[in-house]
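Source file start-v8.cif; content: mmCIF, C-alpha atoms and all ligand atoms.
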data_my_file
#
loop_
_atom_site.label_atom_id
_atom_site.label_comp_id
_atom_site.auth_asym_id
_atom_site.auth_seq_id
_atom_site.Cartn_x
_atom_site.Cartn_y
_atom_site.Cartn_z
CA VAL I 1 7.50 7.63 -29.65
CA ARG I 2 6.85 11.12 -28.34
CA CYS I 3 4.46 12.29 -25.60
CA ASP I 4 4.12 14.96 -22.92
CA ILE I 5 4.12 12.64 -19.92
CA VAL I 6 5.15 9.02 -19.62
CA VAL I 7 3.98 7.11 -16.54
CA VAL I 8 5.78 3.87 -15.60
CA GLY I 9 3.59 1.29 -13.86
CA ALA I 10 -0.18 0.80 -14.11
CA GLY I 11 -0.91 0.11 -10.44
CA PRO I 12 -3.28 2.45 -8.57
CA GLY I 13 -0.60 5.17 -8.37
CA GLY I 14 0.25 5.12 -12.08
CA SER I 15 -3.34 4.96 -13.36
CA SER I 16 -4.39 7.79 -11.09
CA ALA I 17 -1.43 9.94 -12.21
CA ALA I 18 -2.09 9.19 -15.89
CA LEU I 19 -5.82 9.99 -15.55
CA GLN I 20 -5.20 13.32 -13.85
CA ALA I 21 -2.45 14.32 -16.29
CA ALA I 22 -4.75 13.57 -19.25
CA ARG I 23 -7.57 15.54 -17.63
CA GLY I 24 -5.10 18.42 -17.33
CA GLY I 25 -4.67 18.36 -21.12
CA ALA I 26 -1.41 16.36 -21.40
CA ASP I 27 -0.71 13.71 -23.98
CA VAL I 28 0.02 10.68 -21.77
CA LEU I 29 1.55 7.22 -22.22
CA LEU I 30 1.14 4.61 -19.45
CA LEU I 31 3.58 1.67 -19.50
CA GLU I 32 2.94 -1.64 -17.73
CA LYS I 33 5.42 -4.50 -17.84
CA ARG I 34 2.80 -7.16 -17.10
CA GLN I 35 0.40 -8.50 -19.68
CA GLU I 36 -2.63 -7.89 -17.48
CA ILE I 37 -3.35 -4.88 -15.30
CA GLY I 38 -4.22 -5.83 -11.70
CA SER I 39 -2.96 -9.39 -11.95
CA PRO I 40 -1.38 -11.17 -10.19
CA VAL I 41 -2.75 -9.38 -7.11
CA ARG I 42 -0.11 -8.68 -4.49
CA CYS I 43 -2.40 -7.27 -1.84
CA ALA I 44 -4.80 -8.02 1.02
CA GLU I 45 -7.16 -5.57 -0.72
CA GLY I 46 -8.37 -3.59 2.30
CA VAL I 47 -9.18 0.12 1.89
CA SER I 48 -11.00 2.65 4.03
CA LYS I 49 -14.26 4.18 2.81
CA ARG I 50 -13.06 7.63 3.79
CA GLY I 51 -9.86 7.05 1.84
CA LEU I 52 -11.80 6.23 -1.32
CA GLU I 53 -13.95 9.34 -0.83
CA ARG I 54 -10.81 11.44 -0.48
CA CYS I 55 -9.65 10.02 -3.83
CA GLY I 56 -12.97 11.08 -5.36
CA ILE I 57 -13.84 7.44 -6.14
CA LYS I 58 -17.44 6.26 -5.76
CA ALA I 59 -17.80 2.78 -4.30
CA ASP I 60 -18.91 0.33 -6.98
CA LYS I 61 -20.31 -3.17 -6.40
CA ARG I 62 -18.26 -4.50 -9.29
CA TRP I 63 -15.04 -4.22 -7.32
CA ILE I 64 -16.19 -4.51 -3.71
CA ALA I 65 -15.79 -8.05 -2.40
CA ALA I 66 -16.97 -7.28 1.15
CA GLU I 67 -17.94 -4.37 3.38
CA MET I 68 -16.51 -4.16 6.92
CA LYS I 69 -17.96 -2.72 10.13
CA GLY I 70 -14.56 -2.37 11.75
CA ALA I 71 -11.41 -4.17 12.80
CA LYS I 72 -10.61 -6.54 15.64
CA LEU I 73 -7.09 -6.52 17.02
CA HIS I 74 -5.91 -9.72 18.71
CA SER I 75 -3.14 -9.55 21.30
CA PRO I 76 -0.76 -12.53 21.72
CA ASP I 77 -3.04 -14.16 24.35
CA ASP I 78 -6.00 -13.54 21.99
CA THR I 79 -7.62 -10.70 23.87
CA ILE I 80 -9.60 -8.69 21.35
CA VAL I 81 -9.84 -4.91 21.01
CA GLU I 82 -12.50 -3.68 18.61
CA LEU I 83 -12.08 -0.55 16.51
CA SER I 84 -14.75 1.20 14.46
CA GLU I 85 -14.14 1.47 10.71
CA GLU I 86 -13.29 5.19 11.07
CA LEU I 87 -10.57 4.44 13.59
CA ALA I 88 -9.09 1.37 12.03
CA GLY I 89 -6.98 3.24 9.47
CA ASN I 90 -6.31 3.07 5.77
CA GLU I 91 -7.02 -0.62 5.34
CA VAL I 92 -10.49 -1.12 6.80
CA GLY I 93 -13.87 -0.35 5.22
CA PHE I 94 -14.03 -2.39 2.04
CA VAL I 95 -12.18 -5.47 0.91
CA LEU I 96 -11.69 -4.95 -2.81
CA GLU I 97 -11.46 -7.22 -5.80
CA ARG I 98 -8.26 -5.57 -6.97
CA LYS I 99 -8.11 -7.40 -10.26
CA ILE I 100 -11.24 -5.45 -11.22
CA PHE I 101 -10.48 -2.26 -9.27
CA ASP I 102 -7.04 -1.73 -10.85
CA ARG I 103 -8.46 -2.35 -14.32
CA GLU I 104 -11.28 0.12 -13.72
CA LEU I 105 -8.75 2.80 -12.74
CA ALA I 106 -6.75 2.08 -15.89
CA ALA I 107 -9.94 2.11 -17.99
CA MET I 108 -10.84 5.55 -16.60
CA ALA I 109 -7.40 6.77 -17.63
CA SER I 110 -7.86 5.27 -21.08
CA ASP I 111 -11.30 6.92 -21.43
CA ALA I 112 -9.62 10.25 -20.64
CA GLY I 113 -7.26 9.71 -23.59
CA VAL I 114 -4.28 7.92 -22.03
CA GLU I 115 -2.55 5.41 -24.28
CA ILE I 116 -1.72 2.21 -22.37
CA LEU I 117 1.11 -0.08 -23.48
CA LEU I 118 1.04 -3.54 -21.87
CA LYS I 119 4.02 -5.92 -21.79
CA THR I 120 6.22 -2.85 -21.95
CA MET I 121 9.00 -2.61 -19.40
CA ALA I 122 11.01 0.55 -18.81
CA VAL I 123 14.71 -0.34 -18.73
CA ASP I 124 16.55 2.98 -18.75
CA LEU I 125 16.05 6.72 -18.35
CA THR I 126 18.17 9.74 -19.20
CA THR I 127 17.15 13.36 -18.73
CA ASP I 128 18.68 16.65 -19.86
CA GLY I 129 17.64 20.15 -20.83
CA GLU I 130 16.10 18.82 -24.06
CA GLY I 131 13.80 16.28 -22.47
CA ALA I 132 13.51 12.86 -20.87
CA ARG I 133 14.33 9.76 -22.89
CA LEU I 134 13.00 6.47 -21.60
CA THR I 135 14.04 3.16 -23.09
CA ALA I 136 11.55 0.29 -22.83
CA LEU I 137 11.30 -3.30 -23.98
CA ARG I 138 7.99 -3.94 -25.69
CA GLU I 139 7.41 -7.61 -26.29
CA GLY I 140 11.15 -8.04 -26.84
CA ASP I 141 11.66 -4.96 -29.03
CA LYS I 142 13.46 -1.86 -27.81
CA ILE I 143 11.49 1.40 -28.04
CA LYS I 144 12.56 4.95 -27.21
CA ILE I 145 10.08 7.35 -25.66
CA ASP I 146 10.74 11.10 -25.59
CA ALA I 147 8.73 12.98 -22.98
CA GLU I 148 8.69 16.26 -21.10
CA VAL I 149 7.97 14.65 -17.73
CA VAL I 150 8.28 11.12 -16.30
CA ILE I 151 6.15 9.80 -13.44
CA ALA I 152 7.66 6.77 -11.67
CA ALA I 153 4.85 4.59 -10.30
CA ASP I 154 6.78 1.34 -10.53
CA GLY I 155 6.10 0.03 -7.04
CA ILE I 156 8.34 -1.12 -4.19
CA GLU I 157 11.15 -2.29 -6.48
CA SER I 158 11.21 1.04 -8.31
CA LYS I 159 14.17 1.48 -10.60
CA VAL I 160 13.06 4.57 -12.48
CA ALA I 161 13.80 6.89 -9.54
CA ARG I 162 17.23 5.28 -9.14
CA TRP I 163 18.06 5.87 -12.82
CA ALA I 164 17.35 9.54 -12.16
CA GLY I 165 19.87 9.57 -9.30
CA ILE I 166 17.54 9.25 -6.29
CA ASP I 167 18.85 6.82 -3.65
CA THR I 168 15.83 4.59 -3.03
CA THR I 169 17.64 1.95 -0.95
CA LEU I 170 15.59 0.47 1.89
CA LYS I 171 17.07 -1.14 5.00
CA PRO I 172 15.71 -4.61 5.88
CA SER I 173 13.96 -3.03 8.89
CA ASP I 174 12.12 -0.73 6.46
CA VAL I 175 10.44 -3.58 4.58
CA GLU I 176 7.77 -6.07 5.60
CA SER I 177 8.14 -9.42 3.82
CA CYS I 178 4.63 -10.63 3.12
CA PHE I 179 3.06 -13.93 2.28
CA GLN I 180 -0.65 -14.44 1.73
CA TYR I 181 -3.15 -17.11 0.75
CA LEU I 182 -6.59 -16.56 -0.68
CA ILE I 183 -8.49 -19.35 1.05
CA GLY I 184 -11.93 -20.66 0.06
CA GLY I 185 -14.34 -22.66 2.21
CA VAL I 186 -13.42 -20.92 5.47
CA GLU I 187 -15.68 -19.97 8.35
CA CYS I 188 -14.66 -16.46 9.33
CA ASP I 189 -16.19 -13.31 10.73
CA ARG I 190 -17.73 -11.66 7.65
CA ASP I 191 -18.04 -8.16 9.12
CA TYR I 192 -14.61 -7.48 10.59
CA THR I 193 -11.03 -7.57 9.46
CA HIS I 194 -8.84 -9.31 12.04
CA PHE I 195 -5.27 -8.35 12.89
CA TYR I 196 -3.08 -10.56 15.10
CA ILE I 197 -0.32 -8.44 16.64
CA GLY I 198 2.84 -9.34 18.54
CA SER I 199 6.00 -11.37 17.97
CA PHE I 200 4.05 -14.47 19.03
CA TYR I 201 2.39 -14.25 15.59
CA SER I 202 4.93 -12.28 13.58
CA PRO I 203 8.18 -10.51 14.56
CA GLY I 204 7.72 -6.81 13.82
CA GLY I 205 4.56 -7.33 11.81
CA TYR I 206 1.17 -8.99 12.03
CA VAL I 207 -1.10 -11.68 10.64
CA TRP I 208 -4.31 -10.59 8.92
CA VAL I 209 -7.59 -12.27 8.05
CA PHE I 210 -9.64 -10.16 5.64
CA PRO I 211 -13.02 -11.66 4.63
CA LYS I 212 -13.64 -11.49 0.88
CA GLY I 213 -17.34 -12.30 0.88
CA GLY I 214 -18.91 -15.76 0.73
CA SER I 215 -16.56 -18.26 2.31
CA LYS I 216 -13.34 -16.67 1.03
CA ALA I 217 -10.68 -14.75 2.95
CA ASN I 218 -7.25 -13.22 2.37
CA VAL I 219 -5.08 -14.68 5.13
CA GLY I 220 -1.58 -13.28 5.24
CA ILE I 221 1.44 -12.27 7.24
CA GLY I 222 3.97 -9.45 7.15
CA VAL I 223 7.30 -9.97 8.93
CA GLN I 224 9.86 -7.23 9.46
CA THR I 225 12.61 -8.35 7.08
CA SER I 226 15.42 -7.57 9.56
CA LYS I 227 13.82 -10.05 11.99
CA ILE I 228 13.91 -13.02 9.63
CA PRO I 229 16.54 -15.46 10.90
CA ARG I 230 19.54 -15.60 8.54
CA HIS I 231 19.34 -18.12 5.73
CA GLU I 232 15.79 -19.07 6.69
CA ARG I 233 13.99 -19.04 3.38
CA GLY I 234 10.22 -19.32 3.49
CA TYR I 235 10.12 -18.00 7.07
CA ALA I 236 6.99 -15.84 6.63
CA ARG I 237 5.17 -18.69 4.94
CA ARG I 238 6.12 -21.12 7.71
CA LEU I 239 4.79 -18.76 10.40
CA LEU I 240 1.58 -18.31 8.44
CA ASP I 241 1.14 -22.07 7.92
CA ASP I 242 1.60 -22.52 11.69
CA PHE I 243 -1.02 -19.87 12.37
CA ILE I 244 -3.50 -21.43 9.95
CA SER I 245 -2.99 -24.93 11.32
CA LYS I 246 -3.91 -23.64 14.80
CA HIS I 247 -7.16 -22.05 13.57
CA THR I 248 -9.42 -24.91 12.52
CA SER I 249 -11.93 -22.58 10.85
CA LEU I 250 -9.15 -21.56 8.42
CA ALA I 251 -7.28 -24.86 8.29
CA LYS I 252 -10.24 -26.67 6.77
CA GLY I 253 -10.35 -24.24 3.82
CA LYS I 254 -8.79 -24.70 0.39
CA LYS I 255 -5.90 -22.52 -0.71
CA LEU I 256 -6.81 -20.86 -4.01
CA GLU I 257 -3.97 -18.39 -4.53
CA MET I 258 -0.55 -17.53 -3.08
CA VAL I 259 1.01 -14.11 -2.96
CA VAL I 260 4.55 -13.06 -2.07
CA GLY I 261 5.53 -9.41 -1.87
CA GLY I 262 7.20 -6.63 0.04
CA VAL I 263 5.72 -3.53 1.62
CA PRO I 264 7.79 -0.43 2.42
CA VAL I 265 7.16 0.75 5.99
CA SER I 266 9.91 3.36 6.15
CA GLY I 267 7.77 6.40 5.49
CA PRO I 268 9.11 8.79 2.84
CA LYS I 269 12.89 8.84 3.17
CA TYR I 270 13.95 10.85 0.17
CA GLY I 271 12.77 13.66 -2.05
CA THR I 272 10.20 12.48 -4.59
CA VAL I 273 11.08 14.96 -7.32
CA GLY I 274 13.95 15.40 -9.79
CA ASP I 275 14.39 17.29 -13.04
CA ARG I 276 11.49 16.09 -15.23
CA LEU I 277 10.64 13.36 -12.67
CA MET I 278 8.05 12.70 -9.95
CA VAL I 279 7.81 9.50 -7.89
CA VAL I 280 4.48 8.20 -6.54
CA GLY I 281 2.97 5.35 -4.49
CA ASP I 282 5.14 2.53 -3.13
CA ALA I 283 8.05 3.82 -5.22
CA ALA I 284 7.87 7.01 -3.12
CA ARG I 285 7.40 4.96 0.09
CA HIS I 286 3.94 6.46 0.57
CA SER I 287 2.45 3.34 2.18
CA ASP I 288 1.37 3.61 5.81
CA PRO I 289 4.35 2.64 8.02
CA ALA I 290 2.06 1.26 10.76
CA THR I 291 -0.20 -0.95 8.61
CA GLY I 292 1.56 -1.26 5.25
CA GLY I 293 -1.62 -0.08 3.47
CA GLY I 294 -0.64 1.87 0.36
CA ILE I 295 -3.53 1.86 -2.13
CA ILE I 296 -5.15 5.12 -1.04
CA ASN I 297 -1.96 7.16 -0.77
CA ALA I 298 -0.79 5.82 -4.14
CA ILE I 299 -4.01 7.14 -5.71
CA ARG I 300 -3.89 10.46 -3.85
CA GLY I 301 -0.20 11.01 -4.62
CA GLY I 302 -0.75 9.93 -8.24
CA LYS I 303 -3.52 12.47 -8.63
CA LEU I 304 -1.31 15.28 -7.32
CA ALA I 305 1.62 14.25 -9.54
CA GLY I 306 -0.70 14.12 -12.59
CA GLU I 307 -2.01 17.60 -11.83
CA VAL I 308 1.43 19.14 -11.36
CA GLY I 309 2.82 17.27 -14.40
CA ALA I 310 0.08 18.60 -16.69
CA GLN I 311 0.64 22.10 -15.35
CA ALA I 312 4.40 21.78 -15.98
CA VAL I 313 3.68 20.81 -19.60
CA ARG I 314 1.25 23.71 -20.08
CA GLU I 315 3.74 26.17 -18.64
CA HIS I 316 6.76 24.62 -20.42
CA ASP I 317 8.60 24.22 -17.12
CA PRO I 318 9.47 20.61 -16.16
CA SER I 319 12.28 21.73 -13.82
CA ARG I 320 12.77 20.22 -10.39
CA GLU I 321 11.80 23.59 -8.85
CA PHE I 322 8.44 23.54 -10.61
CA LEU I 323 7.75 19.88 -9.86
CA LEU I 324 8.50 20.48 -6.18
CA GLY I 325 4.88 21.69 -6.13
CA TYR I 326 4.00 17.96 -6.11
CA GLU I 327 6.23 17.26 -3.09
CA ARG I 328 4.69 20.18 -1.18
CA ALA I 329 1.18 19.04 -2.10
CA TRP I 330 1.50 15.42 -0.90
CA ARG I 331 3.34 16.47 2.24
CA GLY I 332 0.44 18.84 2.95
CA GLU I 333 -2.22 16.19 2.26
CA PHE I 334 -0.83 13.06 3.91
CA GLY I 335 2.81 13.65 4.94
CA GLY I 336 1.75 14.37 8.53
CA SER I 337 -0.19 11.12 8.88
CA LEU I 338 2.79 9.15 7.50
CA GLU I 339 5.03 10.73 10.14
CA ARG I 340 2.49 10.03 12.89
CA ASP I 341 2.10 6.39 11.83
CA LEU I 342 5.87 5.94 11.76
CA ILE I 343 5.85 6.86 15.46
CA VAL I 344 2.91 4.49 16.11
CA LYS I 345 4.82 1.69 14.34
CA ASP I 346 7.98 2.26 16.39
CA LEU I 347 5.95 2.37 19.57
CA LEU I 348 4.01 -0.81 18.81
CA THR I 349 7.00 -2.82 17.60
CA GLY I 350 8.85 -1.71 20.76
CA LEU I 351 6.23 -3.29 23.03
CA SER I 352 6.77 -6.83 24.28
CA ASP I 353 4.03 -9.46 23.88
CA TRP I 354 3.41 -9.10 27.61
CA ASP I 355 2.91 -5.31 27.23
CA LEU I 356 0.56 -5.88 24.31
CA ASP I 357 -1.53 -8.34 26.33
CA ASP I 358 -1.59 -5.96 29.25
CA LEU I 359 -2.72 -3.11 27.01
CA ALA I 360 -5.36 -5.28 25.33
CA HIS I 361 -6.74 -6.47 28.69
CA SER I 362 -7.41 -2.93 29.78
CA LEU I 363 -8.95 -1.87 26.45
CA SER I 364 -11.03 -4.93 25.54
CA GLY I 365 -14.76 -4.78 26.07
CA HIS I 366 -14.98 -1.22 24.68
CA ARG I 367 -15.70 -0.46 21.06
CA PHE I 368 -13.61 2.58 20.26
CA GLU I 369 -15.35 4.97 17.89
CA ASP I 370 -12.79 7.73 17.78
CA LEU I 371 -9.11 8.29 18.35
CA LEU I 372 -9.62 10.54 21.37
CA GLY I 373 -11.62 7.85 23.20
CA LEU I 374 -8.87 5.31 22.53
CA ILE I 375 -6.07 7.65 23.60
CA GLU I 376 -8.01 8.65 26.73
CA ALA I 377 -8.39 4.98 27.70
CA ILE I 378 -4.69 4.31 27.06
CA ARG I 379 -3.73 7.40 29.07
CA GLU I 380 -5.72 6.19 32.08
CA LYS I 381 -4.32 2.68 32.09
CA HIS I 382 -0.89 3.06 30.52
CA PRO I 383 0.62 6.50 31.04
CA LEU I 384 3.98 5.49 29.56
CA VAL I 385 2.51 4.30 26.27
CA ALA I 386 0.28 7.38 26.18
CA GLY I 387 3.37 9.57 26.64
CA GLY I 388 4.95 7.99 23.55
CA LEU I 389 1.77 8.41 21.52
CA ARG I 390 1.45 12.06 22.49
C1 LIG S 401 0.84 -9.01 0.61
C2 LIG S 401 0.47 -7.55 0.51
C3 LIG S 401 -0.72 -7.13 1.10
C4 LIG S 401 -1.11 -5.78 1.01
N1 LIG S 401 -2.31 -5.40 1.52
C5 LIG S 401 -2.74 -4.12 1.40
C6 LIG S 401 -4.03 -3.72 1.86
O1 LIG S 401 -4.81 -4.52 2.39
N2 LIG S 401 -4.39 -2.44 1.70
C7 LIG S 401 -3.58 -1.51 1.11
O2 LIG S 401 -3.97 -0.33 1.01
N3 LIG S 401 -2.36 -1.87 0.64
C8 LIG S 401 -1.93 -3.14 0.76
N4 LIG S 401 -0.70 -3.52 0.25
C9 LIG S 401 0.12 -2.48 -0.41
C10 LIG S 401 -0.43 -2.14 -1.77
O3 LIG S 401 -0.55 -3.30 -2.55
C11 LIG S 401 0.49 -1.11 -2.44
O4 LIG S 401 0.75 -0.07 -1.54
C12 LIG S 401 -0.11 -0.52 -3.72
O5 LIG S 401 -0.35 -1.51 -4.68
C13 LIG S 401 0.83 0.54 -4.26
O6 LIG S 401 0.41 0.97 -5.54
P1 LIG S 401 1.46 1.49 -6.62
O7 LIG S 401 0.68 1.92 -7.78
O8 LIG S 401 2.41 2.42 -5.98
O9 LIG S 401 2.36 0.21 -6.96
P2 LIG S 401 1.96 -1.22 -7.53
O10 LIG S 401 0.54 -1.55 -7.26
O11 LIG S 401 3.01 -2.14 -7.04
O12 LIG S 401 2.09 -1.04 -9.10
C14 LIG S 401 3.35 -0.90 -9.72
C15 LIG S 401 3.20 -1.36 -11.15
O13 LIG S 401 4.38 -1.03 -11.87
C16 LIG S 401 4.67 -2.08 -12.77
N5 LIG S 401 6.11 -1.97 -13.08
C17 LIG S 401 7.16 -2.14 -12.22
N6 LIG S 401 8.33 -1.90 -12.86
C18 LIG S 401 8.01 -1.57 -14.14
C19 LIG S 401 8.80 -1.22 -15.28
N7 LIG S 401 10.14 -1.16 -15.22
N8 LIG S 401 8.16 -0.96 -16.43
C20 LIG S 401 6.79 -1.02 -16.52
N9 LIG S 401 6.00 -1.37 -15.47
C21 LIG S 401 6.60 -1.62 -14.29
C22 LIG S 401 4.31 -3.34 -11.97
O14 LIG S 401 4.11 -4.46 -12.81
C23 LIG S 401 3.02 -2.88 -11.29
O15 LIG S 401 1.87 -3.14 -12.05
C24 LIG S 401 -0.27 -4.85 0.33
C25 LIG S 401 0.92 -5.30 -0.26
C26 LIG S 401 1.29 -6.63 -0.17
C27 LIG S 401 2.57 -7.07 -0.83
#

Transcribe the structure of this file into structure tokens.
Ligand SMILES: Cc1cc2nc3c(=O)[nH]c(=O)nc-3n(C[C@H](O)[C@H](O)[C@H](O)COP(=O)(O)OP(=O)(O)OC[C@H]3O[C@@H](n4cnc5c(N)ncnc54)[C@H](O)[C@@H]3O)c2cc1C
Amino acid sequence: VRCDIVVVGAGPGGSSAALQAARGGADVLLLEKRQEIGSPVRCAEGVSKRGLERCGIKADKRWIAAEMKGAKLHSPDDTIVELSEELAGNEVGFVLERKIFDRELAAMASDAGVEILLKTMAVDLTTDGEGARLTALREGDKIKIDAEVVIAADGIESKVARWAGIDTTLKPSDVESCFQYLIGGVECDRDYTHFYIGSFYSPGGYVWVFPKGGSKANVGIGVQTSKIPRHERGYARRLLDDFISKHTSLAKGKKLEMVVGGVPVSGPKYGTVGDRLMVVGDAARHSDPATGGGIINAIRGGKLAGEVGAQAVREHDPSREFLLGYERAWRGEFGGSLERDLIVKDLLTGLSDWDLDDLAHSLSGHRFEDLLGLIEAIREKHPLVAGGLR
């Protein structure tokens, strides 16, 4: 098989890259190892409205499960701090139905001319001056794909970048191990996402309750992998089961789905470009280090990679130097916020439960509408924390 650009992985990053590359005139192939796009869902499905707007995506009832007014942060002693939707970050605004959302993104790519191959798993990549050659298994058969440019959008476990010589290794402290239930028949706040922060709930992570409309909610936990006691399998799930059993409104619900997955919270640690290769989304560690939210940056990064890839094909220059335009573009668009949120993560995970309670006591009762208001309040009550944030 021959094409201009081959994209590996039909998550939000891959579909967005494929769509943009096709719009730029390239002949694009999108490979997905699963038999269904968007399923199984490994996500709490929260996105910000502003984030979607930045991606140029119009909100559509078909894939919005619930609309949020903001987020409520619970400290270990259950003091609540309320944040407006604008302030709550990449994960608050809408709770999606990702099974539909991811398919819609892929359908848009297909409408733009992208050919999608399901049940097709990339297994090897070689590149040289002549081109890139990707080997894939398609329903058991080996196929060879010759392309000018490869876009790796193969998620947290990305292998494509590694085949091209990029060291993608993550330390256990750079990964949140997540476990989530979709629970039906719960009584939960339908207007706010809830985050429970502190080692009381989860060492180096948090518990979330995201309403999904009706009586359903995504209830999950992320635990910093380095903080999981050795040999303790099922640790995240046990902590989550404990949490649910203590919240009667959740405990009486019925578990409808289970999700296990990892989220990179390292921030970008390596270059995302090689000869004939660009890396996007979770594979590029573009998820927010503070929250783990990665849908929006995967789409934004995918769009930039698609644009640069199509340009490289038009100008017959798939060299690393040319593709570095992609690296410069995403660093300009959201690299700064990834660096800032890495600092926020280190600061928050460095606070003891007692510090978090103390901070929450002094902030609760206000509804913070903007970042400056929040920072001002922290500066007044907690100069040391404010120093770190600055
Ligand atoms: C429990 C959990 C909760 C989360 N909650 C949120 C949230 O609320 N909000 C948010 O913004 N983010 C959340 N995230 C993160 C979010 O899911 C990811 O950041 C996002 O999906 C990244 O998109 P992507 O396209 O980079 O990768 P993915 O969505 O992981 O897509 C990668 C695709 O590549 C395919 N693939 C992999 N290898 C190959 C191969 N060799 N050949 C062919 N195909 C391949 C996979 O099957 C997959 O479809 C959560 C993650 C987890 C695990």

Between CA of Leu29 in chain I and CA of His316 in chain I, measure the distance and give it in Å to one decimal.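 It comes out at 18.3 Å.
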
Give me the residues of chain I that have any atom at most 6 Å from an atom of ligand LIG 401 (chain S); for each, the nearest atom pair and the distance in Å, rounded to one decimal. Use all atoms listed in the file, sort by chain and number, and format it as a Markdown table.
| residue | atom | partner | partner_atom | distance |
| --- | --- | --- | --- | --- |
| I:Val8 | CA | S:LIG401 | C20 | 5.1 |
| I:Gly9 | CA | S:LIG401 | O13 | 3.2 |
| I:Ala10 | CA | S:LIG401 | O15 | 4.9 |
| I:Gly11 | CA | S:LIG401 | O12 | 3.5 |
| I:Pro12 | CA | S:LIG401 | O7 | 4.1 |
| I:Gly13 | CA | S:LIG401 | O7 | 3.5 |
| I:Gly14 | CA | S:LIG401 | O7 | 5.4 |
| I:Leu31 | CA | S:LIG401 | C20 | 5.1 |
| I:Glu32 | CA | S:LIG401 | N9 | 3.8 |
| I:Lys33 | CA | S:LIG401 | C20 | 4.0 |
| I:Arg34 | CA | S:LIG401 | O14 | 5.2 |
| I:Arg42 | CA | S:LIG401 | C27 | 4.8 |
| I:Cys43 | CA | S:LIG401 | C3 | 3.4 |
| I:Ala44 | CA | S:LIG401 | N1 | 3.6 |
| I:Glu45 | CA | S:LIG401 | O1 | 4.0 |
| I:Gly46 | CA | S:LIG401 | O1 | 3.7 |
| I:Val47 | CA | S:LIG401 | O2 | 5.3 |
| I:Glu91 | CA | S:LIG401 | N2 | 4.8 |
| I:Thr120 | CA | S:LIG401 | C20 | 5.8 |
| I:Met121 | CA | S:LIG401 | N8 | 3.5 |
| I:Ala122 | CA | S:LIG401 | N8 | 4.0 |
| I:Val123 | CA | S:LIG401 | N7 | 5.8 |
| I:Ala153 | CA | S:LIG401 | O8 | 5.4 |
| I:Asp154 | CA | S:LIG401 | O13 | 3.6 |
| I:Gly155 | CA | S:LIG401 | O9 | 3.7 |
| I:Cys178 | CA | S:LIG401 | C1 | 4.8 |
| I:Phe179 | CA | S:LIG401 | C1 | 5.7 |
| I:Gln180 | CA | S:LIG401 | C1 | 5.7 |
| I:Gly261 | CA | S:LIG401 | C27 | 3.9 |
| I:Gly262 | CA | S:LIG401 | C27 | 4.7 |
| I:Val263 | CA | S:LIG401 | C27 | 5.3 |
| I:Gly281 | CA | S:LIG401 | O8 | 3.3 |
| I:Asp282 | CA | S:LIG401 | O8 | 3.9 |
| I:Ala283 | CA | S:LIG401 | O8 | 5.9 |
| I:Ser287 | CA | S:LIG401 | O4 | 5.3 |
| I:Gly292 | CA | S:LIG401 | N4 | 5.9 |
| I:Gly293 | CA | S:LIG401 | C7 | 3.4 |
| I:Gly294 | CA | S:LIG401 | O4 | 3.1 |
| I:Ile295 | CA | S:LIG401 | O2 | 3.9 |
| I:Ile296 | CA | S:LIG401 | O2 | 5.9 |
| I:Ala298 | CA | S:LIG401 | O8 | 5.0 |

Non-local contacts of Ala161 in chain I (7 Å; only C-alpha atoms; under 3 positions in same chain excluded) as number ranges by chain: I: 152, 158, 164-166, 279

Interatomic distance, CA of Phe101 in chain I to CA of Lys58 in chain I (Å, one decimal):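 Those two atoms sit 11.5 Å apart.
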
Return the single residue from I:Arg367, I:Arg230, I:Lys345, I:His382 that is closest to Gly205 in chain I, with distances computed using all atoms listed in the file. I:Lys345

At a cut-off of 8 Å, using all atoms listed in the file, what residues contact Glu115 in chain I? Leave out same-chain residues fewer than 4 positions from it and give the result as a PyMOL selection string. chain I and resi 28-30+110

Surrounding residues of range 327-330 of chain I excluding itself and chain neighbours under 3 positions, 12 Å, only C-alpha atoms, as a compact mmCIF listing (two decimals) with C-alpha atoms, in the frame of the given file:
# COMPACT_ATOMS: atom_id res chain seq x y z
CA PRO I 268 9.11 8.79 2.84
CA TYR I 270 13.95 10.85 0.17
CA GLY I 271 12.77 13.66 -2.05
CA THR I 272 10.20 12.48 -4.59
CA VAL I 273 11.08 14.96 -7.32
CA GLY I 274 13.95 15.40 -9.79
CA LEU I 277 10.64 13.36 -12.67
CA MET I 278 8.05 12.70 -9.95
CA VAL I 279 7.81 9.50 -7.89
CA VAL I 280 4.48 8.20 -6.54
CA GLY I 281 2.97 5.35 -4.49
CA ALA I 284 7.87 7.01 -3.12
CA HIS I 286 3.94 6.46 0.57
CA ASN I 297 -1.96 7.16 -0.77
CA ALA I 298 -0.79 5.82 -4.14
CA ILE I 299 -4.01 7.14 -5.71
CA ARG I 300 -3.89 10.46 -3.85
CA GLY I 301 -0.20 11.01 -4.62
CA GLY I 302 -0.75 9.93 -8.24
CA LYS I 303 -3.52 12.47 -8.63
CA LEU I 304 -1.31 15.28 -7.32
CA ALA I 305 1.62 14.25 -9.54
CA GLY I 306 -0.70 14.12 -12.59
CA GLU I 307 -2.01 17.60 -11.83
CA VAL I 308 1.43 19.14 -11.36
CA GLY I 309 2.82 17.27 -14.40
CA ARG I 320 12.77 20.22 -10.39
CA GLU I 321 11.80 23.59 -8.85
CA PHE I 322 8.44 23.54 -10.61
CA LEU I 323 7.75 19.88 -9.86
CA LEU I 324 8.50 20.48 -6.18
CA GLU I 333 -2.22 16.19 2.26
CA PHE I 334 -0.83 13.06 3.91
CA GLY I 335 2.81 13.65 4.94
CA GLY I 336 1.75 14.37 8.53
CA SER I 337 -0.19 11.12 8.88
CA LEU I 338 2.79 9.15 7.50
